[in-house]
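Below you'll find the structure, written out as structure tokens, and then a few comments.
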Amino acid sequence: MGTTKGALELAVDRWDCGEVPRDDILGAPGRTLALATGTLGPVLTLSAACASSAVAIGEALALIEDGLCDEAIVGGTDALHSFVYRGFHALKALSAAPAAPFDAGRSGLSLGEGAVVLVMEALEHAEGAGRAPIAIVEGFGSSTDGFDQLAPEPTGAGLVRACRRAMEHATVDAKAVDRYHAHGTATVQNDRMEAIAHAALFSGCAVPVCAVKGSIGHTLGAAGALDVAICALTLQRQVLPPVANLRQVDPMACVPAVVGVARSDRGSLALAVSAGFGGINAALLLRNPKVIQ
């Protein structure tokens, strides 16, 4: 499981009373899920800021590729809490209006909460059990640029490295990518960084950009896996969802975003990215299983 704060809400009141909790608060969601499902494998908690659950998917992929697991239950979770709200409010990162990624009038992010759980397994294992995958995870890449504790590296160099590592892992070229599923927080710094990274990755080609945080808010540790789940489903359904609340693309964060209404798309390969505090970047390359031979 990927999470930024685990079950922090179980500890705050005790801290306020002067108690020092000795529980594994961060790992509580993963342990709870493992007990509920009766899993027999390793139970791991990944905390990599807002890229946490994307990194968790990458870890699950490595376990499967190394033959250590046939299946992995993987996902992310974070619940809203006043501690989290106060932190983002202090950073002046919150928008009074719903978040509008890449929009010229955007003013910050909207906090959300959520949880997502996916089952990953080797393709041969799925086929042997008669299960049809929603998407194939072809590659994973990550990087840490160490530029700042809070702000992304403005040239997007770290995110570009993560994306290129995912493509190298999958042995595909950027020209083969049909859509870019953005982190898209709607902060000035993140959106500008992503626009520069997109241009560097695709050499200025108009690879369509989707983003969902205008619809569901920024779910922090759950965001990466939620982005992957939504990207996988829309890829399977051959549709490009619009960026919610985007009316006019910011010239300083100019990307070929899907605006207004969803449109059909027969592309088979998607790049889903995450970027977190501390310069943590992650990218996952997904393929529509209909094109697997």
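Ordered as shown in the structure tokens, chains take letters A, B, and onward, while each chain numbers its residues from 1 and ligands are numbered from 1 in the order shown.
The shell of residues at most 12 Å from Ala7 in chain A, with only C-alpha atoms counted and near chain neighbours (fewer than 6 positions) removed, consists of Pro21, Asp23, Asp24, Ile25, Leu26, Gly27, Ala28, Pro29, Gly30, Arg31, Thr32, Thr45, Thr77, Asp78, Ala79, Leu80, His81 and Gly221 of chain A.
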**Request:** Considering only C-alpha atoms, return as a list in words whatever protein or nucleic-acid residues lie within 8 Å of Asp148 in chain A, sequence-local ones (same chain, fewer than 4 positions apart) excluded.
**Result:** Pro152, Glu153, Phe277, Gly278 and Gly279 of chain A
I'd like a table as CSV: residues in range 156-251 of chain A with an atom no more than 12 Å from range 283-286 of chain A, each row giving the shortest atom pair and its distance in Å to one decimal, only C-alpha atoms counted, sorted by chain and rising residue number.
residue,atom,partner,partner_atom,distance
A:Gly158,CA,A:Ala283,CA,10.8
A:Leu159,CA,A:Ala283,CA,7.9
A:Val160,CA,A:Ala283,CA,9.1
A:Arg161,CA,A:Ala283,CA,9.3
A:Ala162,CA,A:Ala283,CA,5.7
A:Cys163,CA,A:Ala283,CA,5.2
A:Arg164,CA,A:Ala283,CA,8.6
A:Arg165,CA,A:Ala283,CA,8.2
A:Ala166,CA,A:Leu284,CA,6.1
A:Met167,CA,A:Leu285,CA,6.9
A:Glu168,CA,A:Leu285,CA,10.1
A:His169,CA,A:Leu285,CA,9.1
A:Ala170,CA,A:Leu285,CA,7.5
A:Thr171,CA,A:Leu285,CA,10.5
A:Val172,CA,A:Leu285,CA,9.5
A:Asp173,CA,A:Leu285,CA,11.2
A:Ala174,CA,A:Leu285,CA,10.7
A:Ala176,CA,A:Leu285,CA,10.9
A:Val177,CA,A:Leu285,CA,8.6
A:Asp178,CA,A:Leu286,CA,10.3
A:Arg179,CA,A:Leu286,CA,10.0
A:Tyr180,CA,A:Leu285,CA,9.6
A:His181,CA,A:Ala283,CA,9.7
A:Ala182,CA,A:Ala283,CA,9.9
A:His183,CA,A:Ala283,CA,9.9
A:Gly224,CA,A:Ala283,CA,9.1
A:Ala225,CA,A:Leu284,CA,10.0
A:Asp227,CA,A:Leu284,CA,10.1
A:Val228,CA,A:Leu284,CA,7.8
A:Ala229,CA,A:Leu286,CA,10.2
A:Ile230,CA,A:Leu286,CA,11.3
A:Cys231,CA,A:Leu286,CA,8.2
A:Ala232,CA,A:Leu286,CA,6.9
A:Leu233,CA,A:Leu286,CA,10.6
A:Thr234,CA,A:Leu286,CA,11.2
A:Leu235,CA,A:Leu286,CA,8.5
A:Gln236,CA,A:Leu286,CA,10.2
**Request:** Mind the document's chain letters and residue numbers, and return as number ranges by chain the residues of range 48-276 of chain A that DSSP labels strand (DSSP E).
**Result:** A: 71-78, 114-121, 136-144, 179-181, 209-210, 239-240, 263-264, 269-276
**Complete:** From the list A:Ser264, A:Ser53, A:Asn245, A:Gln238, the nearest residue to Ala115 in chain A using only C-alpha atoms is A:Ser53
**Request:** Would you kindly return, as a PyMOL selection string, each protein, DNA or RNA residue with an atom no farther than 12 Å from any atom of Gly184 in chain A, considering only C-alpha atoms and excluding same-chain residues fewer than 4 positions away?
**Result:** chain A and resi 50+99-103+106+108-110+180+188-195+198+209-219+223-224+227+243-246+253+255+257+272-276
